Amino acid sequence: MAEQLPIDIPDNPKLAQNITHFARALRKAGLPIGTGRVVDAIRAVQAAGFTEKQDFYWTLHACFVNRPEHRTIFAQVFRLYWRDPRYLEHMMSMMLPAIRGVQEERKADAAEKRAAEALLDGVERDLPEVAEQEEETELEIDASQTASSEERLRSLDFEQMSTAEIAQAKRMLSRLALPVKPIESRRGQSSHLGHRIDRARTLRAAMRQGGELRDIAKLKPKPRWPNLVVLCDISGSMSQYSRIVLHFLHAVSNAKGAGWAKVHAFTFGTRLTNITRHLQQRDVDAALAAAGAEAQDWEGGTRIGECLHAFNRDWSRRVMGQGAVVLLISDGLDRGDPEALGKETERLHLSARRLIWLNPLLRWDGFAPKAQGVAAMLPHVDSFRAGHSIASLEDLANVISKPDDVGEKARLLSALSD
């Protein structure tokens, strides 16, 4: 929720116009707000009054927010528009960080850059009048040495992306493949370069030649493609990452010739949900909308141990055959029993050909496995890698077929034992 700072009411507040602009910014940031909700919000504020800051926040919240994933965006737009007396300079510092004297030292919080982008859209036309500066300074920005937008987006944290950057990142991820090498099975196929003798075929050829053995038929191992099983955390701390990763998984599920026998996808927060059939839809928006409707625990709590137990009990034998590779996408922040979490992770690891853990917290240079959930799960994964940007997913595509890749596991286990 937004910080509860005092609200300064001007002498001529023009409250209806400000609520209208606030609603327009929310709509620009992604909330489905129509004219009827704006009228309802103005009437609700008239009925509830404008004296208590918390009452004003929750009155507008009740009128404009009807989905859990919209809460963070609403809170940031509300804070920037209603609570920060220098919100315009604050937004400009996020949109143009190279301007000295306005920039802020910290990075934008979750959805804050998107909120700033929405509020700055049409700022000259819609914002309340601001006193003109005595002197105007013309700024010239030389962008000739900047990297291309795609190169910059590759290393940008999903949590810090604006609305336009998220849309561009999704387009880039739709083109990203996740190839896998086949597994050599015990079954064979005919090949003159094989090393095994095909006894049945050799004897049949000899019988056609009157019992004379002329040629020896040979076999080579027949390739077999593994399954990909994805367990994606959709709790409150993971919501922005999981949405973009699921967009990537939809592209993997529908890619032709990627190598996977089948892609199974599950989401978990407070409960486990199978969304495999939804990702098989060709339209990505329809697929993710159906998956979101199926999973009722978006941006809720986290019960990793209980959800892994449900998967091991109900789904492991169904989807973990054929040497499945498992992607576990979570920050590992669990409040349950760490010992039970470790046992369920170990059981999952024993059922999988490889267990790869993608954790967005690895974006921090000083990350250490101090959380009990992370410490309990880390010894039972094959590879521990970051999962916060396009570049991290590209790295995953490059190493997913390398059995000796451990990512950051060895370093963090060493830190855990110190």
# chains A, B, ... in the order shown; residues from 1 in each chain; ligands from 1
>>> select_by_dssp(residues="range 201-355 of chain A", states="alpha helix (DSSP H)", output="PyMOL selection string")
chain A and resi 201-208+239-254+276-279+284-294+304-314+316-319+338-351
>>> residues_around(residues="Leu178 in chain A", least_positions_apart="5", cutoff="9 Å", atoms="only C-alpha atoms", output="PDB file with N, CA, C and O atoms, in the first residue's frame")
ATOM      1  N   VAL A 252       7.331 -21.233 -25.704  1.00  0.00           N
ATOM      2  CA  VAL A 252       8.017 -22.530 -25.717  1.00  0.00           C
ATOM      3  C   VAL A 252       7.025 -23.660 -25.975  1.00  0.00           C
ATOM      4  O   VAL A 252       7.310 -24.606 -26.726  1.00  0.00           O
ATOM      5  N   ALA A 258      11.061 -27.493 -31.193  1.00  0.00           N
ATOM      6  CA  ALA A 258      11.908 -27.085 -30.070  1.00  0.00           C
ATOM      7  C   ALA A 258      12.552 -28.279 -29.382  1.00  0.00           C
ATOM      8  O   ALA A 258      13.557 -28.132 -28.693  1.00  0.00           O
ATOM      9  N   GLY A 259      11.965 -29.477 -29.553  1.00  0.00           N
ATOM     10  CA  GLY A 259      12.585 -30.666 -28.994  1.00  0.00           C
ATOM     11  C   GLY A 259      11.868 -31.278 -27.815  1.00  0.00           C
ATOM     12  O   GLY A 259      12.047 -32.463 -27.542  1.00  0.00           O
ATOM     13  N   TRP A 260      11.046 -30.513 -27.102  1.00  0.00           N
ATOM     14  CA  TRP A 260      10.371 -31.047 -25.928  1.00  0.00           C
ATOM     15  C   TRP A 260       9.223 -31.957 -26.351  1.00  0.00           C
ATOM     16  O   TRP A 260       8.465 -31.627 -27.262  1.00  0.00           O
ATOM     17  N   LEU A 393      17.183 -15.423 -19.065  1.00  0.00           N
ATOM     18  CA  LEU A 393      16.474 -16.492 -19.765  1.00  0.00           C
ATOM     19  C   LEU A 393      17.249 -16.959 -20.995  1.00  0.00           C
ATOM     20  O   LEU A 393      17.196 -18.136 -21.357  1.00  0.00           O
ATOM     21  N   GLU A 394      17.963 -16.051 -21.641  1.00  0.00           N
ATOM     22  CA  GLU A 394      18.833 -16.458 -22.749  1.00  0.00           C
ATOM     23  C   GLU A 394      19.960 -17.353 -22.251  1.00  0.00           C
ATOM     24  O   GLU A 394      20.325 -18.329 -22.917  1.00  0.00           O
ATOM     25  N   LEU A 396      19.756 -19.312 -19.700  1.00  0.00           N
ATOM     26  CA  LEU A 396      19.118 -20.597 -19.425  1.00  0.00           C
ATOM     27  C   LEU A 396      19.009 -21.430 -20.697  1.00  0.00           C
ATOM     28  O   LEU A 396      19.278 -22.641 -20.684  1.00  0.00           O
ATOM     29  N   ALA A 397      18.616 -20.810 -21.805  1.00  0.00           N
ATOM     30  CA  ALA A 397      18.487 -21.529 -23.074  1.00  0.00           C
ATOM     31  C   ALA A 397      19.818 -22.106 -23.529  1.00  0.00           C
ATOM     32  O   ALA A 397      19.856 -23.174 -24.163  1.00  0.00           O
ATOM     33  N   ASN A 398      20.911 -21.433 -23.169  1.00  0.00           N
ATOM     34  CA  ASN A 398      22.232 -21.902 -23.598  1.00  0.00           C
ATOM     35  C   ASN A 398      22.754 -23.064 -22.764  1.00  0.00           C
ATOM     36  O   ASN A 398      23.595 -23.832 -23.246  1.00  0.00           O
ATOM     37  N   ILE A 400      20.657 -25.236 -20.678  1.00  0.00           N
ATOM     38  CA  ILE A 400      19.663 -26.178 -20.162  1.00  0.00           C
ATOM     39  C   ILE A 400      20.002 -27.619 -20.526  1.00  0.00           C
ATOM     40  O   ILE A 400      19.597 -28.557 -19.835  1.00  0.00           O
TER      41      ILE A 400
END
>>> closest_residue(among="A:Phe268, A:Phe384, A:Phe64, A:Phe74", to="Trp298 in chain A", atoms="only C-alpha atoms")
A:Phe268
>>> residues_around(residues="Lys409 in chain A", least_positions_apart="4", cutoff="12 Å", atoms="only C-alpha atoms", output="ChimeraX atom specification")
/A:355-359,362,368-369,374-375,377-386,404-405,413-416
>>> write_last_selection(atoms="N, CA, C and O atoms", output="short mmCIF file (atom, residue, chain, number, x, y, z; two decimals), in the first residue's frame")
data_model
loop_
_atom_site.label_atom_id
_atom_site.label_comp_id
_atom_site.auth_asym_id
_atom_site.auth_seq_id
_atom_site.Cartn_x
_atom_site.Cartn_y
_atom_site.Cartn_z
N LEU A 355 16.85 -30.66 -12.15
CA LEU A 355 16.03 -29.67 -11.46
C LEU A 355 16.79 -28.34 -11.48
O LEU A 355 17.85 -28.22 -10.87
N ILE A 356 16.24 -27.37 -12.21
CA ILE A 356 16.86 -26.06 -12.36
C ILE A 356 16.00 -25.04 -11.64
O ILE A 356 14.79 -24.93 -11.90
N TRP A 357 16.61 -24.28 -10.76
CA TRP A 357 15.89 -23.27 -9.97
C TRP A 357 16.25 -21.88 -10.50
O TRP A 357 17.42 -21.49 -10.50
N LEU A 358 15.22 -21.13 -10.93
CA LEU A 358 15.39 -19.74 -11.35
C LEU A 358 14.88 -18.84 -10.24
O LEU A 358 13.71 -18.91 -9.86
N ASN A 359 15.77 -18.01 -9.72
CA ASN A 359 15.42 -17.15 -8.59
C ASN A 359 15.75 -15.70 -8.95
O ASN A 359 16.91 -15.36 -9.18
N LEU A 362 18.64 -13.42 -7.28
CA LEU A 362 20.05 -13.46 -7.66
C LEU A 362 20.49 -12.23 -8.43
O LEU A 362 21.67 -12.08 -8.74
N ALA A 368 22.67 -13.77 -0.52
CA ALA A 368 23.19 -14.90 0.25
C ALA A 368 22.00 -15.75 0.69
O ALA A 368 20.92 -15.23 0.94
N PRO A 369 22.19 -17.07 0.79
CA PRO A 369 21.08 -17.97 1.17
C PRO A 369 20.77 -17.90 2.66
O PRO A 369 20.89 -18.89 3.39
N VAL A 374 15.30 -20.82 1.25
CA VAL A 374 16.37 -20.92 0.26
C VAL A 374 17.42 -21.92 0.71
O VAL A 374 17.89 -22.76 -0.06
N ALA A 375 17.81 -21.85 1.98
CA ALA A 375 18.82 -22.76 2.51
C ALA A 375 18.35 -24.21 2.48
O ALA A 375 19.14 -25.13 2.28
N MET A 377 16.17 -25.56 0.26
CA MET A 377 15.98 -26.05 -1.09
C MET A 377 17.28 -26.16 -1.88
O MET A 377 17.42 -27.01 -2.76
N LEU A 378 18.22 -25.28 -1.60
CA LEU A 378 19.42 -25.15 -2.42
C LEU A 378 20.21 -26.45 -2.59
O LEU A 378 20.65 -26.76 -3.71
N PRO A 379 20.43 -27.27 -1.55
CA PRO A 379 21.24 -28.48 -1.75
C PRO A 379 20.61 -29.51 -2.68
O PRO A 379 21.31 -30.41 -3.16
N HIS A 380 19.33 -29.40 -2.97
CA HIS A 380 18.62 -30.45 -3.72
C HIS A 380 18.32 -30.05 -5.16
O HIS A 380 17.53 -30.72 -5.82
N VAL A 381 18.93 -28.98 -5.66
CA VAL A 381 18.74 -28.60 -7.06
C VAL A 381 20.04 -28.85 -7.82
O VAL A 381 21.12 -28.86 -7.23
N ASP A 382 19.91 -29.08 -9.12
CA ASP A 382 21.10 -29.29 -9.95
C ASP A 382 21.73 -27.98 -10.38
O ASP A 382 22.95 -27.91 -10.54
N SER A 383 20.93 -26.96 -10.59
CA SER A 383 21.45 -25.68 -11.04
C SER A 383 20.62 -24.57 -10.42
O SER A 383 19.40 -24.69 -10.31
N PHE A 384 21.32 -23.51 -10.00
CA PHE A 384 20.67 -22.36 -9.36
C PHE A 384 21.06 -21.12 -10.14
O PHE A 384 22.22 -20.72 -10.16
N ARG A 385 20.08 -20.51 -10.83
CA ARG A 385 20.37 -19.43 -11.74
C ARG A 385 19.41 -18.27 -11.52
O ARG A 385 18.33 -18.43 -10.94
N ALA A 386 19.80 -17.09 -12.01
CA ALA A 386 18.95 -15.90 -11.94
C ALA A 386 17.83 -16.01 -12.97
O ALA A 386 17.97 -16.68 -13.98
N ASP A 404 26.48 -30.54 -16.64
CA ASP A 404 27.46 -30.11 -15.64
C ASP A 404 27.25 -28.67 -15.18
O ASP A 404 28.01 -28.17 -14.34
N ASP A 405 26.23 -27.99 -15.70
CA ASP A 405 25.99 -26.61 -15.29
C ASP A 405 25.31 -26.57 -13.93
O ASP A 405 24.29 -27.22 -13.71
N LEU A 413 26.38 -22.49 -1.88
CA LEU A 413 26.57 -23.56 -0.88
C LEU A 413 27.81 -23.33 -0.04
O LEU A 413 27.83 -23.62 1.15
N SER A 414 28.84 -22.80 -0.68
CA SER A 414 30.06 -22.46 0.06
C SER A 414 29.78 -21.37 1.09
O SER A 414 30.25 -21.41 2.24
N ALA A 415 29.00 -20.36 0.68
CA ALA A 415 28.63 -19.29 1.60
C ALA A 415 27.73 -19.80 2.72
O ALA A 415 27.79 -19.32 3.84
N LEU A 416 26.91 -20.82 2.40
CA LEU A 416 26.02 -21.38 3.41
C LEU A 416 26.77 -22.16 4.47
O LEU A 416 26.39 -22.18 5.64
#
>>> atom_distance(atom1="CA of Phe248 in chain A", atom2="CA of Leu173 in chain A")
5.4 Å
